[in-house]
Every structure is written in structure tokens, then in C-alpha cells.
file structure_6.cif (mmCIF, C-alpha atoms and all ligand atoms)
data_work
#
loop_
_atom_site.label_atom_id
_atom_site.label_comp_id
_atom_site.auth_asym_id
_atom_site.auth_seq_id
_atom_site.Cartn_x
_atom_site.Cartn_y
_atom_site.Cartn_z
CA MET B 1 139.65 89.57 109.07
CA SER B 2 138.17 92.54 107.19
CA LYS B 3 134.43 93.13 107.27
CA SER B 4 134.08 92.53 103.52
CA ILE B 5 135.91 89.16 103.65
CA LYS B 6 133.70 87.99 106.51
CA LYS B 7 130.63 88.92 104.49
CA THR B 8 131.82 86.94 101.45
CA ILE B 9 132.34 83.76 103.48
CA CYS B 10 128.92 84.11 105.03
CA PHE B 11 127.17 84.52 101.67
CA ASP B 12 129.16 81.70 100.02
CA SER B 13 128.26 79.25 102.75
CA PHE B 14 124.64 80.32 102.53
CA LYS B 15 124.56 79.36 98.86
CA LYS B 16 126.30 76.05 99.58
CA LEU B 17 123.18 74.92 101.44
CA TYR B 18 121.64 74.17 98.07
CA ALA B 19 122.52 71.83 95.21
CA PHE B 20 122.30 74.39 92.46
CA GLY B 21 121.16 73.61 88.98
CA GLU B 22 122.39 70.02 89.02
CA ASN B 23 119.43 68.96 86.94
CA LEU B 24 120.23 65.27 87.04
CA ALA B 25 117.77 62.48 86.25
CA ILE B 26 117.28 61.29 89.82
CA ASP B 27 117.07 64.50 91.78
CA LEU B 28 116.51 64.21 95.50
CA SER B 29 118.20 67.50 96.27
CA LEU B 30 115.30 69.92 96.61
CA SER B 31 112.30 69.43 98.81
CA GLU B 32 109.31 70.34 96.66
CA ASN B 33 106.03 68.49 97.16
CA PRO B 34 106.18 65.45 94.82
CA LEU B 35 102.39 65.71 94.36
CA GLY B 36 102.70 69.20 92.91
CA CYS B 37 100.33 71.89 94.13
CA SER B 38 96.57 72.21 94.28
CA PRO B 39 95.14 71.53 90.79
CA ARG B 40 93.03 74.67 91.22
CA ILE B 41 96.18 76.80 91.13
CA ARG B 42 97.71 74.78 88.30
CA GLN B 43 94.61 75.30 86.23
CA LYS B 44 94.65 79.08 86.69
CA LEU B 45 98.34 79.37 85.85
CA SER B 46 98.38 76.82 83.04
CA VAL B 47 98.41 79.51 80.36
CA LEU B 48 101.87 80.58 81.47
CA ASN B 49 103.08 77.02 81.00
CA THR B 50 105.27 77.07 84.11
CA ASN B 51 105.91 74.33 86.60
CA ILE B 52 105.29 76.12 89.87
CA ASN B 53 106.02 72.99 91.86
CA ASP B 54 109.73 73.19 91.05
CA TYR B 55 112.11 75.73 92.51
CA PRO B 56 113.13 78.34 89.93
CA ASP B 57 116.46 78.12 88.12
CA PRO B 58 118.73 79.85 90.70
CA ASN B 59 120.82 81.33 87.89
CA LEU B 60 117.75 82.65 86.03
CA THR B 61 119.58 81.80 82.84
CA LYS B 62 116.64 82.18 80.44
CA LEU B 63 115.65 85.63 81.67
CA LYS B 64 119.27 86.76 81.82
CA LYS B 65 119.72 85.69 78.20
CA ALA B 66 116.51 87.47 77.17
CA ILE B 67 117.67 90.69 78.91
CA SER B 68 121.11 90.32 77.36
CA ARG B 69 119.61 89.99 73.86
CA LYS B 70 117.11 92.78 74.32
CA PHE B 71 119.55 95.37 75.70
CA ARG B 72 122.64 94.07 73.89
CA VAL B 73 124.70 93.55 77.05
CA GLY B 74 126.71 90.51 78.13
CA VAL B 75 124.84 87.75 80.01
CA ASN B 76 127.46 87.96 82.75
CA ALA B 77 126.71 91.68 83.11
CA VAL B 78 123.13 90.97 84.24
CA PHE B 79 121.88 90.46 87.81
CA ILE B 80 118.20 89.78 88.55
CA SER B 81 116.38 90.07 91.85
CA ASN B 82 112.95 90.55 93.40
CA GLY B 83 112.36 94.16 92.50
CA SER B 84 115.01 96.80 91.94
CA GLU B 85 114.48 97.89 95.56
CA SER B 86 116.12 94.64 96.68
CA ILE B 87 119.13 95.49 94.48
CA ILE B 88 119.28 99.02 95.90
CA LYS B 89 119.42 97.38 99.33
CA LEU B 90 122.35 95.15 98.32
CA LEU B 91 124.49 97.92 96.81
CA PRO B 92 125.67 99.54 100.08
CA ILE B 93 126.26 96.06 101.52
CA ILE B 94 128.72 95.19 98.78
CA LEU B 95 130.19 98.63 98.10
CA LEU B 96 130.36 100.39 101.48
CA GLY B 97 132.64 97.80 103.11
CA LYS B 98 134.33 100.08 105.65
CA LYS B 99 132.56 102.15 108.28
CA ASP B 100 133.90 105.44 106.93
CA ASP B 101 132.99 104.70 103.29
CA GLU B 102 130.40 107.21 102.12
CA ALA B 103 127.62 107.54 99.57
CA ILE B 104 126.62 110.72 97.74
CA ILE B 105 122.91 111.16 97.10
CA PRO B 106 121.10 114.10 95.46
CA GLU B 107 118.95 116.02 97.94
CA ILE B 108 115.61 115.34 96.27
CA THR B 109 115.39 111.79 94.98
CA PHE B 110 114.07 108.27 95.68
CA PRO B 111 114.22 108.01 99.53
CA MET B 112 115.33 104.39 99.51
CA PHE B 113 118.89 105.38 98.52
CA GLU B 114 119.26 107.16 101.85
CA ILE B 115 117.51 104.50 103.91
CA VAL B 116 119.68 101.62 102.68
CA SER B 117 122.90 103.61 102.86
CA ARG B 118 122.25 104.21 106.57
CA PHE B 119 121.85 100.50 107.40
CA GLY B 120 125.59 99.92 107.81
CA GLY B 121 126.10 103.17 109.72
CA ASN B 122 127.89 104.73 106.75
CA GLY B 123 127.99 108.47 106.13
CA ILE B 124 125.90 110.12 103.45
CA VAL B 125 126.69 113.36 101.69
CA PHE B 126 123.73 115.10 100.08
CA SER B 127 124.34 117.05 96.91
CA LYS B 128 122.47 120.28 96.25
CA MET B 129 120.05 120.52 93.36
CA ILE B 130 119.88 123.31 90.80
CA SER B 131 116.26 124.19 91.32
CA PHE B 132 114.82 120.66 90.92
CA ASP B 133 117.62 119.21 88.78
CA ILE B 134 120.40 116.89 89.90
CA ASP B 135 123.65 118.89 89.83
CA LEU B 136 126.44 116.63 88.55
CA GLU B 137 129.07 119.35 89.00
CA ASN B 138 128.12 119.70 92.66
CA ILE B 139 128.35 115.92 93.13
CA LYS B 140 131.81 115.95 91.58
CA LYS B 141 132.98 118.61 94.04
CA LEU B 142 131.73 116.51 96.97
CA ILE B 143 133.72 113.38 96.04
CA THR B 144 136.52 112.50 98.48
CA GLY B 145 138.64 109.41 99.11
CA LYS B 146 135.78 108.10 101.27
CA THR B 147 133.16 108.25 98.49
CA LYS B 148 132.47 104.72 97.26
CA LEU B 149 128.95 105.02 95.91
CA ILE B 150 126.95 107.69 94.08
CA PHE B 151 123.21 107.33 93.44
CA LEU B 152 121.59 109.00 90.45
CA CYS B 153 118.00 108.52 89.42
CA ASN B 154 117.03 109.08 85.79
CA PRO B 155 114.25 110.10 85.29
CA ASN B 156 114.41 111.35 88.83
CA ASN B 157 111.70 110.33 91.28
CA PRO B 158 109.82 112.50 92.44
CA THR B 159 110.53 115.28 89.94
CA GLY B 160 110.32 113.40 86.62
CA ARG B 161 113.31 115.47 85.49
CA THR B 162 115.81 113.77 83.19
CA LEU B 163 119.55 114.09 82.84
CA ALA B 164 121.01 114.05 79.32
CA LYS B 165 122.62 110.72 78.43
CA LYS B 166 125.85 112.41 77.30
CA ARG B 167 126.21 114.25 80.62
CA ILE B 168 125.69 111.09 82.66
CA LEU B 169 128.29 109.21 80.61
CA GLU B 170 130.84 112.04 80.85
CA PHE B 171 130.23 112.22 84.59
CA VAL B 172 130.66 108.46 85.17
CA ALA B 173 133.82 108.41 83.04
CA SER B 174 135.32 111.27 85.04
CA VAL B 175 134.84 109.89 88.57
CA LYS B 176 136.24 106.93 90.51
CA PRO B 177 133.36 105.78 92.77
CA VAL B 178 130.68 103.40 91.52
CA VAL B 179 127.79 105.39 90.02
CA VAL B 180 124.37 103.77 90.22
CA VAL B 181 121.90 105.08 87.65
CA ASP B 182 118.42 104.01 88.71
CA GLU B 183 116.38 103.90 85.50
CA ALA B 184 113.22 102.47 87.09
CA ASN B 185 111.04 104.90 85.14
CA ILE B 186 113.05 105.10 81.91
CA GLU B 187 110.32 103.55 79.74
CA PHE B 188 108.39 106.80 80.26
CA GLY B 189 111.16 109.31 79.53
CA GLY B 190 114.89 109.92 79.19
CA ARG B 191 117.57 107.90 77.43
CA SER B 192 119.10 104.82 78.97
CA VAL B 193 122.83 104.36 79.53
CA ILE B 194 122.47 100.58 79.83
CA LYS B 195 124.60 99.71 76.79
CA GLU B 196 127.50 101.82 78.02
CA VAL B 197 128.07 99.53 81.01
CA ASP B 198 130.42 97.63 78.74
CA GLU B 199 132.79 100.61 78.53
CA LEU B 200 132.40 102.02 82.05
CA GLU B 201 133.58 99.76 84.88
CA ASN B 202 132.08 101.94 87.59
CA LEU B 203 128.57 102.18 86.08
CA VAL B 204 125.64 100.21 87.51
CA VAL B 205 122.27 100.59 85.76
CA LEU B 206 119.12 99.54 87.61
CA ARG B 207 115.97 98.59 85.75
CA THR B 208 112.64 97.17 86.77
CA PHE B 209 109.65 95.35 85.32
CA SER B 210 107.41 97.25 87.77
CA LYS B 211 106.80 100.46 85.82
CA GLY B 212 106.75 100.55 82.00
CA PHE B 213 106.35 96.78 81.78
CA GLY B 214 103.48 96.94 84.30
CA LEU B 215 104.49 93.96 86.45
CA ALA B 216 104.95 95.58 89.87
CA GLY B 217 103.10 92.75 91.60
CA LEU B 218 105.52 90.14 90.28
CA ARG B 219 108.63 91.82 91.74
CA VAL B 220 111.33 91.62 89.10
CA GLY B 221 114.19 94.09 88.84
CA PHE B 222 117.65 93.82 87.34
CA ALA B 223 121.03 95.47 87.36
CA VAL B 224 123.45 95.69 84.47
CA ALA B 225 127.07 96.29 85.44
CA ASN B 226 130.64 95.13 85.15
CA PRO B 227 130.78 91.34 85.82
CA ARG B 228 132.98 91.98 88.90
CA ILE B 229 130.15 93.96 90.52
CA ILE B 230 127.56 91.45 89.29
CA GLN B 231 129.45 88.63 91.02
CA MET B 232 129.47 90.57 94.27
CA LEU B 233 125.71 91.07 93.99
CA GLU B 234 125.18 87.36 93.23
CA LYS B 235 127.12 86.40 96.36
CA ALA B 236 125.10 88.72 98.53
CA ASN B 237 121.71 87.72 97.14
CA GLN B 238 119.20 85.16 98.31
CA PRO B 239 119.29 81.83 96.43
CA PHE B 240 115.93 82.01 94.59
CA PRO B 241 115.14 85.70 94.21
CA ILE B 242 112.20 85.52 91.80
CA SER B 243 109.45 82.99 91.14
CA VAL B 244 109.04 80.86 88.01
CA VAL B 245 105.86 82.78 87.20
CA SER B 246 107.70 86.11 87.47
CA GLU B 247 110.51 84.87 85.25
CA LYS B 248 108.10 83.71 82.58
CA ALA B 249 106.00 86.88 82.64
CA ALA B 250 109.12 89.08 82.48
CA MET B 251 110.29 87.21 79.37
CA ILE B 252 106.93 87.72 77.68
CA ALA B 253 106.96 91.42 78.68
CA LEU B 254 110.38 91.90 77.07
CA SER B 255 109.07 90.64 73.77
CA ASP B 256 106.22 93.18 73.53
CA ASN B 257 107.73 96.41 72.21
CA SER B 258 104.39 97.80 71.12
CA PHE B 259 103.02 97.77 74.68
CA ILE B 260 105.99 99.83 75.90
CA LYS B 261 105.54 102.29 73.03
CA LYS B 262 101.83 102.61 73.72
CA SER B 263 102.44 103.09 77.46
CA LYS B 264 104.93 105.89 76.82
CA GLN B 265 102.54 107.71 74.50
CA PHE B 266 99.70 107.31 76.98
CA MET B 267 101.84 108.61 79.84
CA ASN B 268 103.04 111.61 77.81
CA ASN B 269 99.44 112.55 77.04
CA GLU B 270 98.16 112.22 80.58
CA ARG B 271 101.19 114.01 82.05
CA ARG B 272 100.64 116.94 79.68
CA PHE B 273 96.93 116.94 80.47
CA LEU B 274 97.44 117.02 84.26
CA THR B 275 100.25 119.57 84.02
CA ARG B 276 98.10 121.89 81.91
CA GLU B 277 95.01 121.50 84.10
CA LEU B 278 96.87 122.05 87.36
CA ARG B 279 98.65 125.12 85.97
CA LYS B 280 95.30 126.51 84.83
CA ARG B 281 94.23 126.28 88.47
CA GLY B 282 97.32 128.23 89.59
CA MET B 283 99.48 125.33 90.87
CA LYS B 284 103.24 125.34 90.23
CA VAL B 285 104.00 122.12 88.35
CA ILE B 286 107.65 121.14 87.94
CA ASP B 287 108.16 120.23 84.26
CA SER B 288 108.33 116.45 84.13
CA ASN B 289 109.54 114.17 81.34
CA ALA B 290 108.25 110.96 82.85
CA ASN B 291 105.55 109.36 85.02
CA ASN B 292 106.04 111.29 88.26
CA ILE B 293 104.98 114.91 88.60
CA LEU B 294 106.03 117.13 91.48
CA VAL B 295 103.54 119.89 92.20
CA ASP B 296 103.96 122.87 94.48
CA MET B 297 100.50 123.23 96.06
CA SER B 298 101.44 125.93 98.63
CA MET B 299 98.42 127.89 97.45
CA LEU B 300 96.14 125.21 98.92
CA ASN B 301 98.23 124.44 101.98
CA LYS B 302 98.09 127.70 103.95
CA ASN B 303 96.87 125.86 107.06
CA ASN B 304 99.14 122.89 106.50
CA ASP B 305 96.12 120.65 106.02
CA LEU B 306 96.30 119.85 102.31
CA ILE B 307 97.26 116.21 102.77
CA SER B 308 94.49 115.53 105.29
CA ARG B 309 91.97 117.32 103.05
CA LEU B 310 93.02 115.20 100.11
CA ASN B 311 92.76 112.06 102.25
CA ASP B 312 89.29 113.09 103.42
CA LEU B 313 88.32 113.35 99.76
CA GLU B 314 89.73 109.83 99.14
CA VAL B 315 92.66 111.17 97.13
CA SER B 316 95.97 109.43 97.64
CA VAL B 317 99.22 111.20 96.69
CA VAL B 318 102.83 111.00 97.85
CA LYS B 319 103.38 113.82 100.29
CA GLY B 320 106.30 116.18 99.83
CA SER B 321 107.74 115.48 103.28
CA SER B 322 108.58 111.94 102.10
CA PHE B 323 111.52 113.61 100.38
CA ARG B 324 114.39 115.62 101.83
CA ARG B 325 114.10 119.39 101.59
CA LEU B 326 110.40 119.28 100.64
CA ASP B 327 107.42 119.82 102.91
CA ASP B 328 103.76 118.93 102.49
CA SER B 329 103.11 121.96 100.30
CA PHE B 330 104.43 119.65 97.61
CA ILE B 331 102.79 116.49 96.37
CA ARG B 332 104.01 113.85 93.94
CA ILE B 333 101.36 112.53 91.62
CA SER B 334 101.54 109.87 88.92
CA PRO B 335 99.04 110.02 86.05
CA ARG B 336 96.35 107.33 85.98
CA LEU B 337 93.59 106.67 83.44
CA ARG B 338 91.82 109.83 82.25
CA LYS B 339 88.73 109.11 84.37
CA THR B 340 90.78 109.03 87.60
CA ASN B 341 92.80 112.07 86.54
CA ASN B 342 89.55 114.00 86.04
CA GLU B 343 88.25 112.82 89.41
CA PHE B 344 91.46 114.06 91.01
CA LEU B 345 91.06 117.47 89.32
CA SER B 346 87.47 117.76 90.51
CA LYS B 347 88.64 117.12 94.10
CA ILE B 348 91.25 119.85 93.67
CA ASP B 349 88.43 122.14 92.48
CA GLU B 350 86.46 121.29 95.62
CA ILE B 351 89.42 122.34 97.80
CA ILE B 352 89.89 125.55 95.78
CA ASN B 353 86.19 126.41 96.17
CA ASP B 354 86.28 125.69 99.92
CA ILE B 355 89.18 128.10 100.33
CA LYS B 356 87.42 130.82 98.33
CA THR B 357 84.21 130.63 100.37
C1 LIG B 401 113.37 105.34 91.20
C2 LIG B 401 112.82 104.05 91.69
N1 LIG B 401 113.65 103.02 91.92
C3 LIG B 401 113.20 101.85 92.35
C4 LIG B 401 111.87 101.64 92.59
C5 LIG B 401 111.44 100.30 93.12
O1 LIG B 401 111.02 99.50 92.05
P1 LIG B 401 110.77 97.95 92.20
O2 LIG B 401 109.31 97.73 92.09
O3 LIG B 401 111.52 97.33 91.05
O4 LIG B 401 111.32 97.49 93.51
C6 LIG B 401 110.97 102.67 92.38
C7 LIG B 401 109.54 102.50 92.70
O5 LIG B 401 108.77 103.40 92.85
C8 LIG B 401 111.45 103.91 91.91
O6 LIG B 401 110.64 104.95 91.64
#

call {"tool": "encode", "arguments": {"input": "structure_6.cif", "output": "C-alpha cells", "more": "lines below"}}
Ligand SMILES: Cc1ncc(COP(=O)(O)O)c(C=O)c1O
result
Amino acid sequence: MSKSIKKTICFDSFKKLYAFGENLAIDLSLSENPLGCSPRIRQKLSVLNTNINDYPDPNLTKLKKAISRKFRVGVNAVFISNGSESIIKLLPIILLGKKDDEAIIPEITFPMFEIVSRFGGNGIVFSKMISFDIDLENIKKLITGKTKLIFLCNPNNPTGRTLAKKRILEFVASVKPVVVVDEANIEFGGRSVIKEVDELENLVVLRTFSKGFGLAGLRVGFAVANPRIIQMLEKANQPFPISVVSEKAAMIALSDNSFIKKSKQFMNNERRFLTRELRKRGMKVIDSNANNILVDMSMLNKNNDLISRLNDLEVSVVKGSSFRRLDDSFIRISPRLRKTNNEFLSKIDEIINDIKT
């Protein structure tokens, strides 16, 4: 029996443990507390008008329909789970079935792509960047019969660099492996390819409610892809991936276009502000189009102590060595409110002054 068939049986039987969505009048199938939950919790959550005593709808039909309407994609092209990271984790499970199947990942990108692709012992091929940009031509050259999965991140984390929509679509159309485009940060920059899933069988778009929609604590992410891939994801997923509260909040978030617009404008302003201020101080800031900014701070890291100095000053950043090819002369920062951004800059000034004296 092949590895992938064994997996399917396992996941099917897992789902059979539950009586899904029967919704009949006398329902003794699920084991919630018949008394509900503490009234204190009910009171706090009453504004969301959700029944947190019941298990969520395992098919998440309402949220799927809301996503389908909002992004004009088929309902059966939508898969929802607890954060897009949980979907990233499932992708190698369903797509790298054989031991020698491989994934291609750009050298400098979201580290989780590499971590999850290693779980099954599969090989990874890293594609070179052109300076800090993902090089689609290089990826194309690296594709072999073993390549089953390609990860792209747009806008890319940690660089905030974007790939043009047209180039992504031409690339996906010209290659055989499944191409995952992680658009976790797309509300802040770049153009989505979500609608094109309809025409491209090998395109998987990942989105999240954690960033632009501001609901990171509720853990809701979704994938839009060909229904064949969506079915594979559904089989591999846990039965109740998100809570009723998360589903409700995500639906409300989808309806508020003005918040997304305002967030993008805010982020653009603060990104420009930080970029300008850091450059004034002599730092090399990689031009970003989104909410992550990669900064080359070599100037302040001569003794390889920049990260510990920042920590001592209560400044938290993502250190460069979290990413392949980068060391701790680089930091990734994400703009916050202006007050915090100014506090960060004043700490940088402290380090600059220390070095001078
Ligand atoms: C590119 C990218 N993908 C996925 C994620 C994970 O998002 P989620 O909160 O939906 O799991 C992040 C979070 O930082 C990210 O930057």
C-alpha cells in the first residue's frame, strides 16, 4: 500500500469518529455540557451572539460562503483552518507523498516553509535570490521530476518585497508542481492572485485573518485552491479547526472594508517613516512594500552584540539569523504605532551614541 493511500484511510477514519453536521432535532451525538458554560463567559461573549457551548460547524459553511462571496471564488475552492501556519504544515503532508519528492523554497523567506517540508524527510532545494528578490527564473531552472511543491511568499516575509501579479501568474501557468503563494501580508501591499485559482489547477493561495484583519489571537487562516487540493486538505485536517467565536469574528472582519483600507494607509505611512529615519541614521533599509522591513544594521553590529544590546534596551525584533543566508547584522522590524516607532528610534540613537563615545 502506498504511503499516500495509507494516510487517506487514517484521516477518513479519524473523521468518522464524529457525526458531522447531522443537525437533527434530538441530537445525542456530541458531548457538550447540557448546562452550557459559566454564565460569566456567556455574558462577556454575548455581543458576538454565538453559542459557545455547541461544537462549531465542522464544514464552516457560513465562513466559507462569506469568503467565497468576498473574493469571488467557488465555495468548494475554500479551506479554513486554525491559522495559515496550520495549512502550511498540511501542504507537505498531502503533496510530498513519496520520500524523494522535493520542495523548492526561496533562500530568504518565511522559515516555516522549510521546517514543515523537513518533517517527512523530504528534500528541499533552495532558490537563489536576486539581491533580496525572489528569482522566479532561478526557481524554474531548479524544477525536476521530483519537484512537487514550490513555496512563494508575496509580499515576502522578511523583506516586504512584492512580486508582480502578472509574473506570478505566468510562472504558475508555466510549471507543473503545485505553487503555494502565501499572501499572509497582502492587505499591506502587493496584488493578490486569489481569483486566478479558478484558471490555474496548480495554484494554492494562502490567506490569514492574523495580519490586515487584526485577528491573530483568534487563529483563522484559509487556502483557496482547486477543489481536488481542497479535498485533500479537508481529509488531512482536524475535525473542528476553528472556534465558533473565531468564525463569527472572521465574518464580521470580512465585512469591514474601511478598516482594511485604513490599516494599509497607516502601515504605508509608518513604513515610510521608519525607512526614512533609519536611513538618516546610516542604516541600509531594504525597500519594502508591506508590513515587514529588513534592515542591514552591520554598522551597529561590529562586535556581534546588536541583538543583546537591543534586548537590554527592551527592544524586541526578529533577528536576521532566523532566516537562511542572513546573520544578526540584519533585523526584521514591523511598524507599530508612532509612539513605539519613535521609542525604537531613540533606542537606536542610544546605541549609535554608545558606539561613538
Ligand atoms: C508569510 C507568513 N505566512 C504565515 C504566517 C502565519 O500566519 P497565521 O497567524 O495565519 O498562522 C505568517 C505570520 O507571521 C507569515 O508572515

call {"tool": "closest_atom_pairs", "arguments": {"input": "structure_6.cif", "of": "chain B", "to": "ligand LIG 401 (chain B)", "cutoff": "9 Å", "atoms": "only C-alpha atoms and all ligand atoms", "output": "tab-separated table"}}
result
residue	atom	partner	partner_atom	distance
B:Ser81	CA	B:LIG401	O3	8.8
B:Asn82	CA	B:LIG401	O4	7.1
B:Gly83	CA	B:LIG401	O3	3.6
B:Ser84	CA	B:LIG401	O3	3.6
B:Glu85	CA	B:LIG401	O4	3.8
B:Ser86	CA	B:LIG401	O4	6.4
B:Ile87	CA	B:LIG401	O4	8.1
B:Ile88	CA	B:LIG401	C3	7.6
B:Thr109	CA	B:LIG401	C1	7.7
B:Phe110	CA	B:LIG401	C1	5.4
B:Pro111	CA	B:LIG401	C1	8.8
B:Met112	CA	B:LIG401	C3	7.9
B:Phe113	CA	B:LIG401	N1	8.8
B:Cys153	CA	B:LIG401	C1	5.9
B:Asn154	CA	B:LIG401	C1	7.5
B:Pro155	CA	B:LIG401	C1	7.6
B:Asn156	CA	B:LIG401	C1	6.5
B:Asn157	CA	B:LIG401	C1	5.3
B:Pro158	CA	B:LIG401	O6	7.6
B:Asp182	CA	B:LIG401	C1	5.8
B:Glu183	CA	B:LIG401	C1	6.6
B:Ala184	CA	B:LIG401	N1	4.9
B:Asn185	CA	B:LIG401	C1	6.5
B:Leu206	CA	B:LIG401	N1	7.8
B:Arg207	CA	B:LIG401	O3	7.0
B:Thr208	CA	B:LIG401	O3	4.4
B:Phe209	CA	B:LIG401	O3	6.3
B:Ser210	CA	B:LIG401	O2	4.7
B:Lys211	CA	B:LIG401	O2	7.3
B:Leu215	CA	B:LIG401	O2	8.3
B:Ala216	CA	B:LIG401	O2	5.3
B:Gly217	CA	B:LIG401	O2	8.0
B:Leu218	CA	B:LIG401	O2	8.7
B:Arg219	CA	B:LIG401	O2	6.0
B:Val220	CA	B:LIG401	O3	6.0
B:Gly221	CA	B:LIG401	O3	4.7
B:Phe222	CA	B:LIG401	O3	8.0
B:Asn292	CA	B:LIG401	O6	8.5

call {"tool": "closest_residue", "arguments": {"input": "structure_6.cif", "among": "B:Lys339, B:Arg228, B:Arg325, B:Lys128", "to": "Glu201 of chain B", "atoms": "all atoms listed in the file"}}
result
B:Arg228

call {"tool": "residues_around", "arguments": {"input": "structure_6.cif", "residues": "Val315 of chain B", "least_positions_apart": "5", "cutoff": "10 Å", "atoms": "all atoms listed in the file", "output": "PyMOL selection string"}}
result
chain B and resi 307-310+340+343-344+347-348

call {"tool": "residues_around", "arguments": {"input": "structure_6.cif", "residues": "Phe71 of chain B", "least_positions_apart": "5", "cutoff": "12 Å", "atoms": "only C-alpha atoms", "output": "list in words"}}
result
Lys64, Lys65, Ala66, Ala77, Val78, Ser192, Val193, Ile194, Lys195, Glu196, Val197, Asp198, Val205, Arg207, Phe222, Ala223, Val224, Leu254 and Ser255 of chain B

call {"tool": "write_last_selection", "arguments": {"input": "structure_6.cif", "atoms": "C-alpha atoms", "output": "PDB file, in the coordinates of the input"}}
result
ATOM      1  CA  LYS B  64     119.270  86.760  81.820  1.00  0.00           C
ATOM      2  CA  LYS B  65     119.720  85.690  78.200  1.00  0.00           C
ATOM      3  CA  ALA B  66     116.510  87.470  77.170  1.00  0.00           C
ATOM      4  CA  ALA B  77     126.710  91.680  83.110  1.00  0.00           C
ATOM      5  CA  VAL B  78     123.130  90.970  84.240  1.00  0.00           C
ATOM      6  CA  SER B 192     119.100 104.820  78.970  1.00  0.00           C
ATOM      7  CA  VAL B 193     122.830 104.360  79.530  1.00  0.00           C
ATOM      8  CA  ILE B 194     122.470 100.580  79.830  1.00  0.00           C
ATOM      9  CA  LYS B 195     124.600  99.710  76.790  1.00  0.00           C
ATOM     10  CA  GLU B 196     127.500 101.820  78.020  1.00  0.00           C
ATOM     11  CA  VAL B 197     128.070  99.530  81.010  1.00  0.00           C
ATOM     12  CA  ASP B 198     130.420  97.630  78.740  1.00  0.00           C
ATOM     13  CA  VAL B 205     122.270 100.590  85.760  1.00  0.00           C
ATOM     14  CA  ARG B 207     115.970  98.590  85.750  1.00  0.00           C
ATOM     15  CA  PHE B 222     117.650  93.820  87.340  1.00  0.00           C
ATOM     16  CA  ALA B 223     121.030  95.470  87.360  1.00  0.00           C
ATOM     17  CA  VAL B 224     123.450  95.690  84.470  1.00  0.00           C
ATOM     18  CA  LEU B 254     110.380  91.900  77.070  1.00  0.00           C
ATOM     19  CA  SER B 255     109.070  90.640  73.770  1.00  0.00           C
TER      20      SER B 255
END

call {"tool": "atom_distance", "arguments": {"input": "structure_6.cif", "atom1": "atom CA of Asp101 of chain B", "atom2": "atom CA of Ile115 of chain B"}}
result
15.5 Å

call {"tool": "build_atoms", "arguments": {"input": "structure_6.cif", "residues": "segment 259-274 of chain B", "atoms": "N, CA, C and O atoms", "output": "compact mmCIF listing (two decimals), in the coordinates of the input"}}
result
# COMPACT_ATOMS: atom_id res chain seq x y z
N PHE B 259 103.64 97.37 73.41
CA PHE B 259 103.02 97.77 74.68
C PHE B 259 103.82 98.90 75.34
O PHE B 259 103.25 99.87 75.88
N ILE B 260 105.13 98.80 75.29
CA ILE B 260 105.99 99.83 75.90
C ILE B 260 105.80 101.17 75.16
O ILE B 260 105.67 102.22 75.78
N LYS B 261 105.72 101.08 73.83
CA LYS B 261 105.54 102.29 73.03
C LYS B 261 104.20 102.96 73.37
O LYS B 261 104.12 104.16 73.61
N LYS B 262 103.17 102.11 73.42
CA LYS B 262 101.83 102.61 73.72
C LYS B 262 101.79 103.24 75.12
O LYS B 262 101.19 104.30 75.33
N SER B 263 102.45 102.59 76.08
CA SER B 263 102.44 103.09 77.46
C SER B 263 103.11 104.46 77.54
O SER B 263 102.66 105.35 78.26
N LYS B 264 104.20 104.62 76.79
CA LYS B 264 104.93 105.89 76.82
C LYS B 264 104.06 107.01 76.24
O LYS B 264 103.96 108.10 76.80
N GLN B 265 103.41 106.70 75.12
CA GLN B 265 102.54 107.71 74.50
C GLN B 265 101.39 108.10 75.43
O GLN B 265 101.08 109.26 75.62
N PHE B 266 100.81 107.07 76.05
CA PHE B 266 99.70 107.31 76.98
C PHE B 266 100.18 108.21 78.12
O PHE B 266 99.53 109.20 78.48
N MET B 267 101.32 107.85 78.69
CA MET B 267 101.84 108.61 79.84
C MET B 267 102.14 110.06 79.45
O MET B 267 101.83 110.99 80.20
N ASN B 268 102.74 110.24 78.28
CA ASN B 268 103.04 111.61 77.81
C ASN B 268 101.76 112.45 77.74
O ASN B 268 101.73 113.58 78.20
N ASN B 269 100.72 111.84 77.17
CA ASN B 269 99.44 112.55 77.04
C ASN B 269 98.86 112.95 78.38
O ASN B 269 98.45 114.09 78.59
N GLU B 270 98.79 111.97 79.27
CA GLU B 270 98.16 112.22 80.58
C GLU B 270 99.00 113.18 81.41
O GLU B 270 98.47 114.00 82.16
N ARG B 271 100.32 113.08 81.30
CA ARG B 271 101.19 114.01 82.05
C ARG B 271 100.95 115.43 81.57
O ARG B 271 100.79 116.35 82.37
N ARG B 272 100.88 115.60 80.23
CA ARG B 272 100.64 116.94 79.68
C ARG B 272 99.28 117.46 80.11
O ARG B 272 99.12 118.61 80.48
N PHE B 273 98.29 116.56 80.09
CA PHE B 273 96.93 116.94 80.47
C PHE B 273 96.91 117.44 81.93
O PHE B 273 96.43 118.54 82.23
N LEU B 274 97.47 116.64 82.84
CA LEU B 274 97.44 117.02 84.26
C LEU B 274 98.25 118.29 84.51
O LEU B 274 97.84 119.16 85.29
